[in-house]
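I have placed the structure first, in the form of structure tokens, so that the comments after it can refer back to it.
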Amino acid sequence: MLKKIILHSFLCAVLLLAVHGKAWPEESWFVSAAGSDLNEGSESSPFKTLVRALNAVLDSSVKTITVIGVLDMHSEILQSDSAVFTIEDTGTGLVICGKQNPAKGEEAVLNGAGANKRVVYMAGNSGVRFERIGIQGAETGQDGGGLIIWDSSVTLGPGVRVSGNRTEASGGGITVAGNSVLTIEGAEISGNSAGKDGGGIIVMDTASVVLHSGKIGGNKAERNGGALDIYRGGRFNLYGGEITDNEAAWAGGLAVSGAFAMNGGIIAGNRAVNSGGGVYAYEGGGVSMQGGMISGNEAADDGGGLFLGGNSRFDLYGGEITGNEAAWAGGLAVSGAFAMNGGSITGNRAAKSGGGVYALAGSRVSMKGGRISGNEAADDGGGLCFEQDSSFVMENGTISGNKAGQNGGALDIYAGVRFTMHDGEITGNEAGWAGGVAVSGAFTMNGGIIAGNRAANSGGGVTVYPGCSFTLRGGSILNNTANSGAGILALEESSLILEGGAVGSNQAVSDGGGVFSQGRFVMNSGKITANQAKNGGGVVVSKGEFRLRNGEISGNQALRVGGVSVSGVFVMEGGVVGGNYGLYTGGVDTDSGGSFTMTGGLIARNWAALEAGGLRVIMGGSALMLGGMIRGNQAHQGGGVLLYSGGSFTLRNGGIEGNLANEGGGIFMNRGSSFTQTGGSITGNEASLGGDMLSED
């Protein structure tokens, strides 16, 4: 019916022009509520209605319509049931605009106030451009309060304001549907609201929106997407401009179940009552970020910057996610798949856990580049926190300078989580416990560096919690600090395996400069070198079992025991404990009921200022030597072995040779200790008193 009305008006216009012999204007048709549809359409003689101007465009080479002042339901007499203004099948090249320099009261506005309809309905148009005009005042129950675009190509240029519209449905400002393309170049979509989704814009079907410049700000949705809802097949490309200060229950900025590509621009200051302050992807939505910034957004629950719901995917190549806040996941919450190839996640904060990234159960995260730094969590995981049954593969990139109030300055992984590190850096992070990585799942390190992390209490580099595992196959754990277990802290019933790599130059205030172990510790190869502590510069075996099969524990220092301090079980099958220094024991110390069994390997060139260059057995500790060598060690007493205060030592095979002391070059015994020899050899040791053996009994 509407097309018939437009056609009728068009025919009337042609007849009027023919009668009066009027020529077309050179640049624009003009419309003003104070005009008349019987006028010629010039600036001094404008049409009254937009529909009259559209009819004039259809049959002329002039494709520009200039609106003077406000057009509304009172001026636009012929209206459809769904909108005050209808723009349909106009062909290509149409421009609808306001004046360049309007006088007061001449600012162009299409106003839907009081109509209970959309303001503008567009369908079947190609290449329509708006400039310097407002679209406002809708109050409707239909999608697209200010503007609905159906199977059309539309550009909103400088000076366009889609503002103050409201719908009880979706798309408070704009709905883009069908196979439409909306391009925003300098326009402002602000102060709109939706009772459902997309306070500013909703993108549906196979439609797409491109934002080059301008602003989508101050919009609100009761459900999803304060600024935009990119629904299922819809697409949104952001190259510039800003999406700021929007609000929704979920997705304060953007809700994505379609596809969103961010190449520039800024998403900032948006707020979600629940999750996804800046962006919320759900139902398989895809997000990629090449550039731009997601900054200063807030969520009351998860994902201050972004939230990835089930089956969604986020690929980060560049840009910044910074300064966002939430209860969990200050920067990014993942319940899908996240691949970080570049860019940065910095300066975000979680009131609970996951300052930078929080991965929910079953998530898949990979890191091939980029930086996660300077994030904070009041509880666990300053940089990243992973729930059960999720996975993290780190191939490169940097996790640095993050802080956690409790566990895992860099990274906290829960039960059932699998973390594999091939390369990259985890450096300079801090926490109450586990300054670097807190492991409550399984961690395999094949390469990379964990360095310079700090725990106020225990576990500087890596902390392995009860029932969990850490395997070091390559890479380095260096220069970390803690009260105990500066390099690695492995708690009761944990599994620690060294098959390569290096644990070096770590420093503990108390015990275990390199490693503090209470679980099952197997060293097949690798190095524990140049670490420092008050006790156990290299290794402390507090409980559980340490089995040394190969590798090197060397150059470590401590006030008490330089190499290995054992109050649990230590079985040495091979490898070297060498070149360590302690005030009391240089190499290996067994006390407090601990046991040491040596079947192979070498304890050599260790030095103690006071007692036991190679091995000390005291206070109910026991040692059994079935093979290997204790050679070239040095101390004041007991260059090779010192037995003291209830310690017992049985020599069945192997050799104690070439050790040096002032007293007891090979073995020094005092009252209350015991020594049994059924084999092996004690030769070539030197001392001022007792070259091979000295007993105080």
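Chain labels A, B, ... are given in the sequence in which chains occur in the structure tokens; within each chain residues are numbered consecutively from 1, and ligands are likewise numbered from 1 in the order shown.
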
- Message: Residues within 7 Å of A:Val617, please, as a PyMOL selection string. Count only C-alpha atoms; anything in the same chain fewer than 2 positions from it doesn't count.
- Response: chain A and resi 589-591+615+621-623+642-644+647-648

- Item | Neighbour list for stretch 312-318 of chain A as a PyMOL selection string, cut-off 7 Å, only C-alpha atoms, skip fewer than 6 positions in-chain | chain A and resi 281-291+336-343

Using only all heavy atoms, please write the residues we just selected to a file, as a short mmCIF file (atom, residue, chain, number, x, y, z; two decimals), in the first residue's frame.
data_model
loop_
_atom_site.label_atom_id
_atom_site.label_comp_id
_atom_site.auth_asym_id
_atom_site.auth_seq_id
_atom_site.Cartn_x
_atom_site.Cartn_y
_atom_site.Cartn_z
N ALA A 281 31.20 -13.12 24.44
CA ALA A 281 30.97 -14.01 23.30
C ALA A 281 30.29 -15.28 23.81
O ALA A 281 30.67 -15.83 24.85
CB ALA A 281 32.27 -14.35 22.61
N TYR A 282 29.29 -15.77 23.08
CA TYR A 282 28.52 -16.92 23.54
C TYR A 282 27.98 -17.68 22.34
O TYR A 282 28.02 -17.22 21.20
CB TYR A 282 27.37 -16.47 24.45
CG TYR A 282 26.32 -15.61 23.76
CD1 TYR A 282 25.08 -16.14 23.43
CD2 TYR A 282 26.58 -14.29 23.43
CE1 TYR A 282 24.11 -15.36 22.80
CE2 TYR A 282 25.63 -13.51 22.82
CZ TYR A 282 24.40 -14.04 22.50
OH TYR A 282 23.45 -13.27 21.86
N GLU A 283 27.50 -18.91 22.57
CA GLU A 283 26.89 -19.77 21.54
C GLU A 283 27.73 -19.85 20.28
O GLU A 283 27.25 -19.70 19.16
CB GLU A 283 25.49 -19.25 21.20
CG GLU A 283 24.49 -19.41 22.33
CD GLU A 283 23.10 -18.97 21.93
OE1 GLU A 283 22.91 -18.56 20.77
OE2 GLU A 283 22.20 -19.02 22.79
N GLY A 284 29.03 -20.08 20.44
CA GLY A 284 29.91 -20.27 19.29
C GLY A 284 30.38 -18.98 18.66
O GLY A 284 30.94 -19.00 17.56
N GLY A 285 30.20 -17.86 19.31
CA GLY A 285 30.67 -16.59 18.76
C GLY A 285 32.17 -16.56 18.60
O GLY A 285 32.91 -17.17 19.36
N GLY A 286 32.64 -15.83 17.59
CA GLY A 286 34.07 -15.74 17.32
C GLY A 286 34.56 -14.31 17.42
O GLY A 286 33.96 -13.39 16.86
N VAL A 287 35.66 -14.12 18.16
CA VAL A 287 36.26 -12.80 18.33
C VAL A 287 37.72 -12.87 17.92
O VAL A 287 38.44 -13.78 18.32
CB VAL A 287 36.16 -12.32 19.79
CG1 VAL A 287 36.82 -10.96 19.97
CG2 VAL A 287 34.71 -12.27 20.25
N SER A 288 38.16 -11.92 17.10
CA SER A 288 39.59 -11.78 16.79
C SER A 288 39.99 -10.33 17.02
O SER A 288 39.23 -9.42 16.73
CB SER A 288 39.89 -12.21 15.35
OG SER A 288 39.31 -11.32 14.43
N MET A 289 41.21 -10.16 17.54
CA MET A 289 41.68 -8.82 17.86
C MET A 289 43.08 -8.64 17.28
O MET A 289 44.03 -9.33 17.66
CB MET A 289 41.69 -8.62 19.39
CG MET A 289 42.03 -7.21 19.84
SD MET A 289 41.84 -7.05 21.64
CE MET A 289 42.32 -5.32 21.87
N GLN A 290 43.18 -7.68 16.34
CA GLN A 290 44.45 -7.36 15.71
C GLN A 290 45.06 -6.08 16.28
O GLN A 290 46.26 -5.87 16.20
CB GLN A 290 44.24 -7.16 14.20
CG GLN A 290 43.63 -8.33 13.47
CD GLN A 290 44.68 -9.32 12.99
OE1 GLN A 290 45.86 -9.13 13.19
NE2 GLN A 290 44.22 -10.38 12.35
N GLY A 291 44.23 -5.21 16.81
CA GLY A 291 44.70 -3.94 17.33
C GLY A 291 43.62 -3.27 18.15
O GLY A 291 42.55 -3.83 18.39
N GLY A 336 35.77 -21.47 26.69
CA GLY A 336 35.78 -21.88 25.29
C GLY A 336 37.23 -22.05 24.88
O GLY A 336 37.99 -22.76 25.55
N ALA A 337 37.66 -21.38 23.81
CA ALA A 337 39.03 -21.49 23.33
C ALA A 337 39.63 -20.10 23.15
O ALA A 337 39.03 -19.22 22.53
CB ALA A 337 39.07 -22.25 22.01
N PHE A 338 40.84 -19.92 23.69
CA PHE A 338 41.55 -18.65 23.59
C PHE A 338 42.96 -18.93 23.08
O PHE A 338 43.70 -19.70 23.67
CB PHE A 338 41.61 -17.95 24.94
CG PHE A 338 42.54 -16.76 25.01
CD1 PHE A 338 42.56 -15.82 23.99
CD2 PHE A 338 43.38 -16.58 26.09
CE1 PHE A 338 43.42 -14.73 24.05
CE2 PHE A 338 44.23 -15.49 26.16
CZ PHE A 338 44.26 -14.57 25.14
N ALA A 339 43.31 -18.29 21.94
CA ALA A 339 44.66 -18.41 21.38
C ALA A 339 45.30 -17.03 21.38
O ALA A 339 44.82 -16.11 20.71
CB ALA A 339 44.60 -18.98 19.96
N MET A 340 46.39 -16.90 22.12
CA MET A 340 47.10 -15.62 22.21
C MET A 340 48.36 -15.71 21.37
O MET A 340 49.29 -16.46 21.67
CB MET A 340 47.45 -15.30 23.66
CG MET A 340 48.06 -13.92 23.85
SD MET A 340 48.21 -13.47 25.60
CE MET A 340 48.81 -11.77 25.45
N ASN A 341 48.38 -14.92 20.28
CA ASN A 341 49.50 -14.91 19.35
C ASN A 341 50.30 -13.62 19.43
O ASN A 341 51.38 -13.51 18.85
CB ASN A 341 48.98 -15.10 17.93
CG ASN A 341 48.16 -16.36 17.78
OD1 ASN A 341 48.70 -17.45 17.79
ND2 ASN A 341 46.84 -16.22 17.66
N GLY A 342 49.78 -12.63 20.10
CA GLY A 342 50.43 -11.34 20.25
C GLY A 342 49.55 -10.46 21.11
O GLY A 342 48.62 -10.92 21.76
N GLY A 343 49.85 -9.17 21.13
CA GLY A 343 49.06 -8.25 21.93
C GLY A 343 49.44 -8.33 23.40
O GLY A 343 50.40 -9.00 23.79
#

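Minimum atom-to-atom distance to A:Gly214, evaluated using only C-alpha atoms, belongs to A:Val162 out of A:Val162, A:Leu491, A:Ser193, A:Lys534.
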
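Take the candidates A:Val509, A:Ala410, A:Val334, A:Leu689 and check each one against A:Ala377 using only C-alpha atoms; the shortest distance goes to A:Ala410.
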
- Might you pull out every residue within 7 Å of stretch 93-107 of chain A, with only C-alpha atoms counted and same-chain residues fewer than 5 positions away left off, and present them as a PyMOL selection string? chain A and resi 63-69+127-133

With C-alpha atoms retained, export the selected residues as a CSV table (one decimal), in the first residue's frame.
chain,number,residue,atom,x,y,z
A,63,LYS,CA,20.4,12.4,-5.2
A,64,THR,CA,20.8,14.6,-2.1
A,65,ILE,CA,18.0,15.5,0.4
A,66,THR,CA,18.7,18.2,2.9
A,67,VAL,CA,16.5,18.4,6.0
A,68,ILE,CA,16.0,21.7,7.7
A,69,GLY,CA,14.9,21.5,11.3
A,127,GLY,CA,24.6,3.2,-1.0
A,128,VAL,CA,22.4,5.5,1.2
A,129,ARG,CA,24.5,8.0,3.3
A,130,PHE,CA,23.4,10.1,6.2
A,131,GLU,CA,25.3,13.2,7.4
A,132,ARG,CA,24.6,15.9,9.9
A,133,ILE,CA,21.2,14.6,11.1

- Message: Can you tell me, as a count of residues only, which residues in stretch 307-395 of chain A count as strand (DSSP E) by DSSP?
- Response: 44

Can I get the residues of stretch 471-580 of chain A within 12 Å of stretch 414-434 of chain A, each with the closest pair of atoms and their distance in Å to one decimal, using only C-alpha atoms, sorted chain first then ascending number, as CSV?
residue,atom,partner,partner_atom,distance
A:Thr471,CA,A:Thr420,CA,9.6
A:Leu472,CA,A:Met421,CA,9.6
A:Arg473,CA,A:His422,CA,9.6
A:Gly474,CA,A:His422,CA,8.2
A:Gly475,CA,A:Asp423,CA,7.6
A:Ser476,CA,A:Glu425,CA,9.7
A:Ile477,CA,A:Ile426,CA,9.4
A:Leu478,CA,A:Thr427,CA,9.3
A:Asn479,CA,A:Thr427,CA,9.5
A:Asn480,CA,A:Gly428,CA,8.4
A:Thr481,CA,A:Glu430,CA,9.7
A:Ala482,CA,A:Trp433,CA,8.5
A:Asn483,CA,A:Trp433,CA,9.6
A:Ser484,CA,A:Trp433,CA,10.0
A:Gly485,CA,A:Ala434,CA,9.3
A:Ala486,CA,A:Ala434,CA,9.1
A:Gly487,CA,A:Ala434,CA,9.9
A:Ile488,CA,A:Ala434,CA,9.1
A:Leu489,CA,A:Ala434,CA,8.2
A:Ala490,CA,A:Ala434,CA,10.7
A:Leu491,CA,A:Ala434,CA,11.7
A:Gly501,CA,A:His422,CA,11.8

- Of A:Tyr239, A:Phe47, A:Trp607, A:Phe570, the one nearest to A:Ser595 when counting only C-alpha atoms is A:Phe570

- Query: Which of these residues is nearest to A:Asp511, using only C-alpha atoms: A:Arg560, A:Lys48, A:Arg547, A:Lys527?
  - Reply: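 For A:Asp511, the nearest of the given residues is A:Arg560.
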
- Tell me which protein, DNA and RNA residues are within 10 Å of A:Leu559, counting only C-alpha atoms, leaving out same-chain ones fewer than 2 positions away, and put them as a list in words. Ser510, Gln532, Ala533, Lys534, Asn535, Gly536, Gly537, Gln557, Val561, Gly562, Tyr581, Gly582, Leu583, Tyr584, Thr585, Gly586, Ala608 and Ala609 of chain A

- Which distance in Å separates atom CA of A:Val576 and atom CA of A:Asn531, to one decimal?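 We find that atom CA of A:Val576 and atom CA of A:Asn531 lie 15.5 Å from each other.
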
- Select, from A:Ser61, A:Thr322, A:Ser75, A:Asn506, the residue with the minimum atom-to-atom distance to A:Thr49, counting only C-alpha atoms.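 Residue with the minimum atom-to-atom distance to A:Thr49: A:Ser75.
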
- Name the residues in contact with A:Thr683 at a cut-off of 8 Å, using only C-alpha atoms, excluding same-chain residues fewer than 2 positions from it; report them as a list in words. Gly655, Ile656, Glu657, Gly658, Gly666, Ser681, Asn685 and Asp692 of chain A

- Of the candidates A:Gly309, A:Asp302, A:Glu325, A:Val571, which one gets nearest to A:Tyr358 if we count only C-alpha atoms?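 Nearest candidate to A:Tyr358 out of A:Gly309, A:Asp302, A:Glu325, A:Val571: A:Asp302.
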
What's the 12 Å shell around A:Glu185, counting only C-alpha atoms, without same-chain residues fewer than 4 positions away, as a short mmCIF file (atom, residue, chain, number, x, y, z; two decimals) with N, CA and C atoms, in the first residue's frame?
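For reference, around-v8.cif as written:
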data_model
loop_
_atom_site.label_atom_id
_atom_site.label_comp_id
_atom_site.auth_asym_id
_atom_site.auth_seq_id
_atom_site.Cartn_x
_atom_site.Cartn_y
_atom_site.Cartn_z
N ARG A 129 23.56 7.33 2.29
CA ARG A 129 24.46 7.96 3.25
C ARG A 129 23.73 9.05 4.03
N PHE A 130 23.90 9.05 5.36
CA PHE A 130 23.36 10.10 6.22
C PHE A 130 24.52 10.95 6.73
N GLU A 131 24.28 12.27 6.81
CA GLU A 131 25.26 13.17 7.40
C GLU A 131 24.53 14.31 8.12
N ARG A 132 25.09 14.75 9.24
CA ARG A 132 24.60 15.95 9.94
C ARG A 132 23.09 15.89 10.22
N VAL A 154 24.04 1.11 3.99
CA VAL A 154 23.84 2.42 4.59
C VAL A 154 25.14 2.88 5.25
N THR A 155 25.43 4.17 5.12
CA THR A 155 26.57 4.78 5.81
C THR A 155 26.07 5.92 6.69
N LEU A 156 26.51 5.91 7.94
CA LEU A 156 26.22 7.00 8.87
C LEU A 156 27.49 7.82 9.02
N GLY A 157 27.49 9.01 8.44
CA GLY A 157 28.69 9.83 8.38
C GLY A 157 28.77 10.84 9.51
N PRO A 158 29.67 11.81 9.38
CA PRO A 158 29.87 12.82 10.43
C PRO A 158 28.59 13.59 10.73
N GLY A 159 28.39 13.87 12.00
CA GLY A 159 27.25 14.66 12.41
C GLY A 159 25.96 13.91 12.56
N VAL A 160 25.97 12.60 12.30
CA VAL A 160 24.76 11.80 12.50
C VAL A 160 24.66 11.41 13.97
N ARG A 161 23.47 11.57 14.52
CA ARG A 161 23.23 11.24 15.93
C ARG A 161 21.99 10.35 16.00
N ILE A 189 26.08 6.99 18.14
CA ILE A 189 24.90 6.22 18.54
C ILE A 189 24.92 6.21 20.06
N VAL A 209 28.20 -4.83 10.29
CA VAL A 209 28.43 -3.43 10.66
C VAL A 209 29.92 -3.18 10.67
N VAL A 210 30.33 -2.03 10.14
CA VAL A 210 31.74 -1.62 10.14
C VAL A 210 31.83 -0.25 10.80
N LEU A 211 32.66 -0.14 11.84
CA LEU A 211 32.87 1.13 12.51
C LEU A 211 34.28 1.62 12.24
N HIS A 212 34.37 2.73 11.48
CA HIS A 212 35.67 3.34 11.19
C HIS A 212 35.99 4.46 12.16
N SER A 213 35.00 5.26 12.47
CA SER A 213 35.17 6.36 13.41
C SER A 213 33.81 6.72 13.98
N GLY A 214 33.82 7.50 15.06
CA GLY A 214 32.57 7.85 15.71
C GLY A 214 32.48 7.20 17.07
N LYS A 215 31.27 7.15 17.61
CA LYS A 215 31.09 6.69 18.98
C LYS A 215 29.78 5.94 19.15
N ILE A 216 29.86 4.83 19.88
CA ILE A 216 28.67 4.12 20.35
C ILE A 216 28.75 4.15 21.87
N LEU A 238 35.58 -3.59 13.69
CA LEU A 238 35.92 -2.33 14.35
C LEU A 238 37.32 -1.91 13.93
N TYR A 239 37.40 -0.76 13.24
CA TYR A 239 38.69 -0.22 12.79
C TYR A 239 39.10 1.03 13.56
N GLY A 240 38.14 1.76 14.09
CA GLY A 240 38.42 2.98 14.81
C GLY A 240 37.20 3.42 15.58
N GLY A 241 37.29 4.59 16.20
CA GLY A 241 36.17 5.09 16.99
C GLY A 241 36.16 4.49 18.37
N GLU A 242 35.07 4.69 19.09
CA GLU A 242 35.02 4.23 20.47
C GLU A 242 33.65 3.67 20.82
#
